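**Q** What follows is a structure written as structure tokens; I'll ask about it next.
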Amino acid sequence: MVRIGLLGAGRMAAALAPAWVKAGHSLMIGGRDEDGARALADDIGTAWGTLAEAAAYGDVTLLAVLFAGVEPTLDAAGAPAGTLRGRVLIDITNSTDTQTFLPRTPPGTSVAEQVAQLTGADVVKALHLVHGAVYLARARYGGDPLVVPMAGSPQAKTVAQTLIRDAGCVALDAGDLTQARNLEAMAAVVIRQLFTGAPALSAFQWMVGRPTK
């Protein structure tokens with residue numbers, strides 16, 4: 001059983017959290033919209049709290065907010081005071097500008113690396129390449145496991161691999177945290193597909209496949 005603090009109560013949190021509850025993990029959902037966090041927690045049968053409480057709760061933290069909300073969320077979670085220092089943090093955010101489909105991060109860095117600098121957390125990039133609707137549809141209808149690339153330290157990837165598996169997916173080791181730059185660039189392809197009319201369930205079909213041994 002892993003204790004997971006979710007920072008964010010939106011579409012991706014709603015898509016991933018039920019599978020982790022079902023797998024026996026203990027969750028606390030925190031959001032800037034506390035009513036939304038409470039509603040999601042009540043819906044899936046888990047605890048809710050403030051962002052600071054969710055950050056302090058987890059052995060693992062999931063950062064699941066829009067790019068514009070990353071710094072305000074981390075501030076509210078107590079990151080400047082060291083709340084997340086040394087904890088494994090799974091970053092699922094994307095910085096892609098939906099007009100230009102280019103990253104909003106400076107050249108030579110990634111959201112994940114910036115989050116690591118802001119928090120002192122052991123950050124792993126993962127679970128950001130697939131629309132929340134895909135996770136929800138697979139939970140309802142089944143299908144072959146999704147392949148989920150991850151980039152971070154060996155320790156963080158070990159934790160992430162467990163949660164990726166328990167979300168019904170297969171983890172793919174993409175290297176250390178610098179490789180988050182490539183994973184976030186891959187996300188731009190997906191986001192452009194979605195914003196130019198591709199159905200959420202087919203925007204990145206090559207990511208769907210059976211695990212290999």
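Lettering and numbering for the structure tokens are positional, with chains as A, B, ... in the shown order, residues counted from 1 in each chain, and ligands counted from 1 in the shown order.
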Can I get the residues of region 14-61 of chain A within 10 Å of region 142-163 of chain A, each with the closest pair of atoms and their distance in Å to one decimal, using only C-alpha atoms, sorted chain first then ascending number, as CSV?
**A**
residue,atom,partner,partner_atom,distance
A:Leu16,CA,A:Leu163,CA,9.4
A:Ala19,CA,A:Leu163,CA,9.2
A:Trp20,CA,A:Leu163,CA,7.2
A:Ala23,CA,A:Leu163,CA,9.1
A:His25,CA,A:Leu163,CA,9.2
A:Asp59,CA,A:Val159,CA,9.7
A:Val60,CA,A:Val159,CA,8.1
**Q** Write down as a ChimeraX atom specification the residues belonging to region 12-193 of chain A that are assigned strand (DSSP E) by DSSP computed on the backbone.
**A** /A:26-30,47-49,60-63,88-91,122-125,146-152,169-173
**Q** Restricting the output to C-alpha atoms, write the selected residues as a PDB file, in the first residue's frame.
**A**
ATOM      1  CA  SER A  26      -4.421   5.209   0.376  1.00  0.00           C
ATOM      2  CA  LEU A  27      -5.137   8.588  -1.220  1.00  0.00           C
ATOM      3  CA  MET A  28      -5.715  12.165  -0.156  1.00  0.00           C
ATOM      4  CA  ILE A  29      -6.940  14.586  -2.797  1.00  0.00           C
ATOM      5  CA  GLY A  30      -6.073  18.260  -2.525  1.00  0.00           C
ATOM      6  CA  ALA A  47      -9.848  11.391   1.831  1.00  0.00           C
ATOM      7  CA  TRP A  48      -9.557  15.022   0.811  1.00  0.00           C
ATOM      8  CA  GLY A  49      -7.753  18.005   2.264  1.00  0.00           C
ATOM      9  CA  VAL A  60       4.270   9.821  -3.188  1.00  0.00           C
ATOM     10  CA  THR A  61       2.872  13.058  -4.596  1.00  0.00           C
ATOM     11  CA  LEU A  62       1.047  13.357  -7.912  1.00  0.00           C
ATOM     12  CA  LEU A  63       1.218  16.808  -9.497  1.00  0.00           C
ATOM     13  CA  VAL A  88       8.876  11.008  -4.862  1.00  0.00           C
ATOM     14  CA  LEU A  89       6.764  13.328  -7.022  1.00  0.00           C
ATOM     15  CA  ILE A  90       5.132  12.157 -10.251  1.00  0.00           C
ATOM     16  CA  ASP A  91       4.790  15.098 -12.612  1.00  0.00           C
ATOM     17  CA  ASP A 122      12.668  13.217  -6.396  1.00  0.00           C
ATOM     18  CA  VAL A 123      10.672  13.931  -9.567  1.00  0.00           C
ATOM     19  CA  VAL A 124       9.671  11.397 -12.210  1.00  0.00           C
ATOM     20  CA  LYS A 125       7.915  12.403 -15.436  1.00  0.00           C
ATOM     21  CA  LEU A 146      -1.031   1.364 -22.435  1.00  0.00           C
ATOM     22  CA  VAL A 147       2.734   1.843 -22.545  1.00  0.00           C
ATOM     23  CA  VAL A 148       3.710   4.722 -20.241  1.00  0.00           C
ATOM     24  CA  PRO A 149       7.231   6.174 -20.623  1.00  0.00           C
ATOM     25  CA  MET A 150       8.829   7.530 -17.465  1.00  0.00           C
ATOM     26  CA  ALA A 151      11.982   9.555 -16.817  1.00  0.00           C
ATOM     27  CA  GLY A 152      13.636  10.132 -13.457  1.00  0.00           C
ATOM     28  CA  CYS A 169      -0.517   0.213 -17.811  1.00  0.00           C
ATOM     29  CA  VAL A 170       3.053  -0.895 -18.532  1.00  0.00           C
ATOM     30  CA  ALA A 171       6.009   1.317 -17.638  1.00  0.00           C
ATOM     31  CA  LEU A 172       8.744   2.081 -20.160  1.00  0.00           C
ATOM     32  CA  ASP A 173      12.045   3.382 -18.785  1.00  0.00           C
TER      33      ASP A 173
END
**Q** Which residue is closest to Gln193 (chain A)? Choose from A:Thr98, A:Thr73, A:Thr109, A:Thr93 and count only C-alpha atoms.
**A**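 Smallest distance to Gln193 (chain A) is found for A:Thr98.
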**Q** If DSSP is run on the backbone, what residues of region 1-127 of chain A are helix (DSSP H, G or I)? A reply as a ChimeraX atom specification would be ideal.
**A** /A:11-22,34-44,51-57,67-76,79-81,111-119
**Q** Go ahead and dump the residues you just picked, N, CA and C atoms, as a compact mmCIF listing (two decimals), in the first residue's frame.
**A**
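In the end it all went to part-v1.txt:
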# COMPACT_ATOMS: atom_id res chain seq x y z
N ARG A 11 -9.44 16.47 -14.32
CA ARG A 11 -9.73 15.31 -15.17
C ARG A 11 -8.73 14.18 -14.96
N MET A 12 -7.45 14.49 -14.90
CA MET A 12 -6.46 13.43 -14.78
C MET A 12 -6.50 12.78 -13.40
N ALA A 13 -6.68 13.57 -12.36
CA ALA A 13 -6.83 12.98 -11.02
C ALA A 13 -8.03 12.06 -10.98
N ALA A 14 -9.13 12.50 -11.58
CA ALA A 14 -10.36 11.69 -11.59
C ALA A 14 -10.17 10.41 -12.39
N ALA A 15 -9.30 10.45 -13.40
CA ALA A 15 -9.07 9.27 -14.23
C ALA A 15 -8.17 8.25 -13.56
N LEU A 16 -7.17 8.72 -12.81
CA LEU A 16 -6.17 7.82 -12.23
C LEU A 16 -6.52 7.33 -10.83
N ALA A 17 -7.12 8.20 -10.03
CA ALA A 17 -7.32 7.88 -8.61
C ALA A 17 -8.17 6.64 -8.38
N PRO A 18 -9.26 6.41 -9.11
CA PRO A 18 -10.08 5.21 -8.81
C PRO A 18 -9.31 3.91 -8.93
N ALA A 19 -8.41 3.81 -9.92
CA ALA A 19 -7.64 2.58 -10.08
C ALA A 19 -6.71 2.36 -8.90
N TRP A 20 -6.14 3.44 -8.36
CA TRP A 20 -5.23 3.29 -7.22
C TRP A 20 -5.98 2.94 -5.95
N VAL A 21 -7.17 3.50 -5.79
CA VAL A 21 -8.00 3.11 -4.65
C VAL A 21 -8.35 1.62 -4.75
N LYS A 22 -8.74 1.19 -5.94
CA LYS A 22 -9.09 -0.21 -6.16
C LYS A 22 -7.92 -1.13 -5.89
N GLU A 34 -11.28 23.65 -3.19
CA GLU A 34 -11.49 22.64 -2.16
C GLU A 34 -12.83 21.93 -2.32
N ASP A 35 -13.85 22.62 -2.84
CA ASP A 35 -15.13 21.96 -3.08
C ASP A 35 -14.97 20.88 -4.15
N GLY A 36 -14.19 21.16 -5.18
CA GLY A 36 -13.94 20.17 -6.21
C GLY A 36 -13.16 18.97 -5.69
N ALA A 37 -12.18 19.23 -4.82
CA ALA A 37 -11.41 18.14 -4.22
C ALA A 37 -12.31 17.27 -3.34
N ARG A 38 -13.17 17.91 -2.57
CA ARG A 38 -14.09 17.16 -1.71
C ARG A 38 -15.04 16.31 -2.55
N ALA A 39 -15.57 16.88 -3.63
CA ALA A 39 -16.52 16.17 -4.47
C ALA A 39 -15.87 14.94 -5.11
N LEU A 40 -14.64 15.11 -5.61
CA LEU A 40 -13.95 13.98 -6.22
C LEU A 40 -13.65 12.90 -5.19
N ALA A 41 -13.17 13.31 -4.03
CA ALA A 41 -12.86 12.35 -2.97
C ALA A 41 -14.10 11.58 -2.55
N ASP A 42 -15.21 12.28 -2.40
CA ASP A 42 -16.45 11.61 -2.01
C ASP A 42 -16.90 10.63 -3.10
N ASP A 43 -16.68 11.01 -4.36
CA ASP A 43 -17.12 10.17 -5.47
C ASP A 43 -16.37 8.86 -5.52
N ILE A 44 -15.07 8.88 -5.21
CA ILE A 44 -14.28 7.65 -5.32
C ILE A 44 -14.02 7.00 -3.96
N LEU A 51 -4.20 21.56 -0.16
CA LEU A 51 -3.01 21.18 -0.90
C LEU A 51 -1.85 20.87 0.05
N ALA A 52 -1.72 21.65 1.11
CA ALA A 52 -0.64 21.41 2.07
C ALA A 52 -0.84 20.07 2.78
N GLU A 53 -2.08 19.74 3.11
CA GLU A 53 -2.36 18.47 3.78
C GLU A 53 -2.10 17.30 2.84
N ALA A 54 -2.47 17.44 1.58
CA ALA A 54 -2.23 16.37 0.62
C ALA A 54 -0.74 16.17 0.38
N ALA A 55 0.01 17.26 0.33
CA ALA A 55 1.45 17.16 0.14
C ALA A 55 2.12 16.46 1.31
N ALA A 56 1.68 16.77 2.50
CA ALA A 56 2.27 16.16 3.70
C ALA A 56 1.84 14.72 3.87
N TYR A 57 0.71 14.36 3.30
CA TYR A 57 0.13 13.03 3.50
C TYR A 57 0.89 11.93 2.76
N PHE A 67 -0.36 23.73 -16.53
CA PHE A 67 0.95 24.35 -16.41
C PHE A 67 0.89 25.68 -15.66
N ALA A 68 -0.12 26.49 -15.96
CA ALA A 68 -0.23 27.80 -15.32
C ALA A 68 -0.42 27.69 -13.82
N GLY A 69 -0.90 26.54 -13.37
CA GLY A 69 -1.15 26.36 -11.94
C GLY A 69 -0.04 25.68 -11.18
N VAL A 70 1.06 25.36 -11.85
CA VAL A 70 2.13 24.60 -11.18
C VAL A 70 2.71 25.38 -10.00
N GLU A 71 3.19 26.58 -10.24
CA GLU A 71 3.83 27.33 -9.15
C GLU A 71 2.85 27.71 -8.05
N PRO A 72 1.64 28.22 -8.36
CA PRO A 72 0.69 28.50 -7.28
C PRO A 72 0.34 27.27 -6.46
N THR A 73 0.21 26.13 -7.15
CA THR A 73 -0.12 24.89 -6.45
C THR A 73 1.01 24.47 -5.52
N LEU A 74 2.24 24.52 -6.01
CA LEU A 74 3.38 24.13 -5.19
C LEU A 74 3.56 25.08 -4.02
N ASP A 75 3.32 26.36 -4.24
CA ASP A 75 3.40 27.34 -3.15
C ASP A 75 2.37 27.00 -2.07
N ALA A 76 1.12 26.74 -2.50
CA ALA A 76 0.06 26.42 -1.55
C ALA A 76 0.30 25.09 -0.84
N ALA A 79 5.73 23.91 -0.70
CA ALA A 79 7.03 23.56 -1.26
C ALA A 79 8.15 24.50 -0.81
N PRO A 80 7.91 25.83 -0.72
CA PRO A 80 9.00 26.71 -0.27
C PRO A 80 9.49 26.38 1.13
N ALA A 81 8.63 25.77 1.93
CA ALA A 81 9.02 25.39 3.29
C ALA A 81 9.58 23.97 3.37
N VAL A 111 9.35 20.98 -17.62
CA VAL A 111 8.53 21.24 -16.43
C VAL A 111 9.03 20.39 -15.27
N ALA A 112 9.29 19.12 -15.56
CA ALA A 112 9.70 18.20 -14.49
C ALA A 112 10.98 18.66 -13.80
N GLU A 113 11.95 19.14 -14.59
CA GLU A 113 13.19 19.63 -13.99
C GLU A 113 12.95 20.90 -13.18
N GLN A 114 12.07 21.75 -13.67
CA GLN A 114 11.75 22.96 -12.92
C GLN A 114 11.05 22.61 -11.61
N VAL A 115 10.16 21.63 -11.64
CA VAL A 115 9.47 21.19 -10.42
C VAL A 115 10.48 20.64 -9.42
N ALA A 116 11.46 19.89 -9.92
CA ALA A 116 12.49 19.36 -9.02
C ALA A 116 13.26 20.49 -8.35
N GLN A 117 13.58 21.54 -9.09
CA GLN A 117 14.29 22.68 -8.52
C GLN A 117 13.44 23.43 -7.50
N LEU A 118 12.16 23.57 -7.79
CA LEU A 118 11.27 24.31 -6.90
C LEU A 118 10.96 23.57 -5.60
N THR A 119 10.99 22.24 -5.65
CA THR A 119 10.52 21.45 -4.51
C THR A 119 11.60 20.67 -3.78
**Q** Given only C-alpha atoms as the basis, pick out the residue of A:Gly24, A:Gly45, A:Ser110, A:Gly82 nearest to Asn182 (chain A).
**A**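 Looking at the shortest contact to Asn182 (chain A), the residue is A:Ser110.
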**Q** Using only C-alpha atoms, find the one residue out of A:Ala167, A:Ala121, A:Leu6, A:Ala185 that sits nearest to Val134 (chain A).
**A**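 That would be A:Ala167, the residue with the smallest distance to Val134 (chain A).
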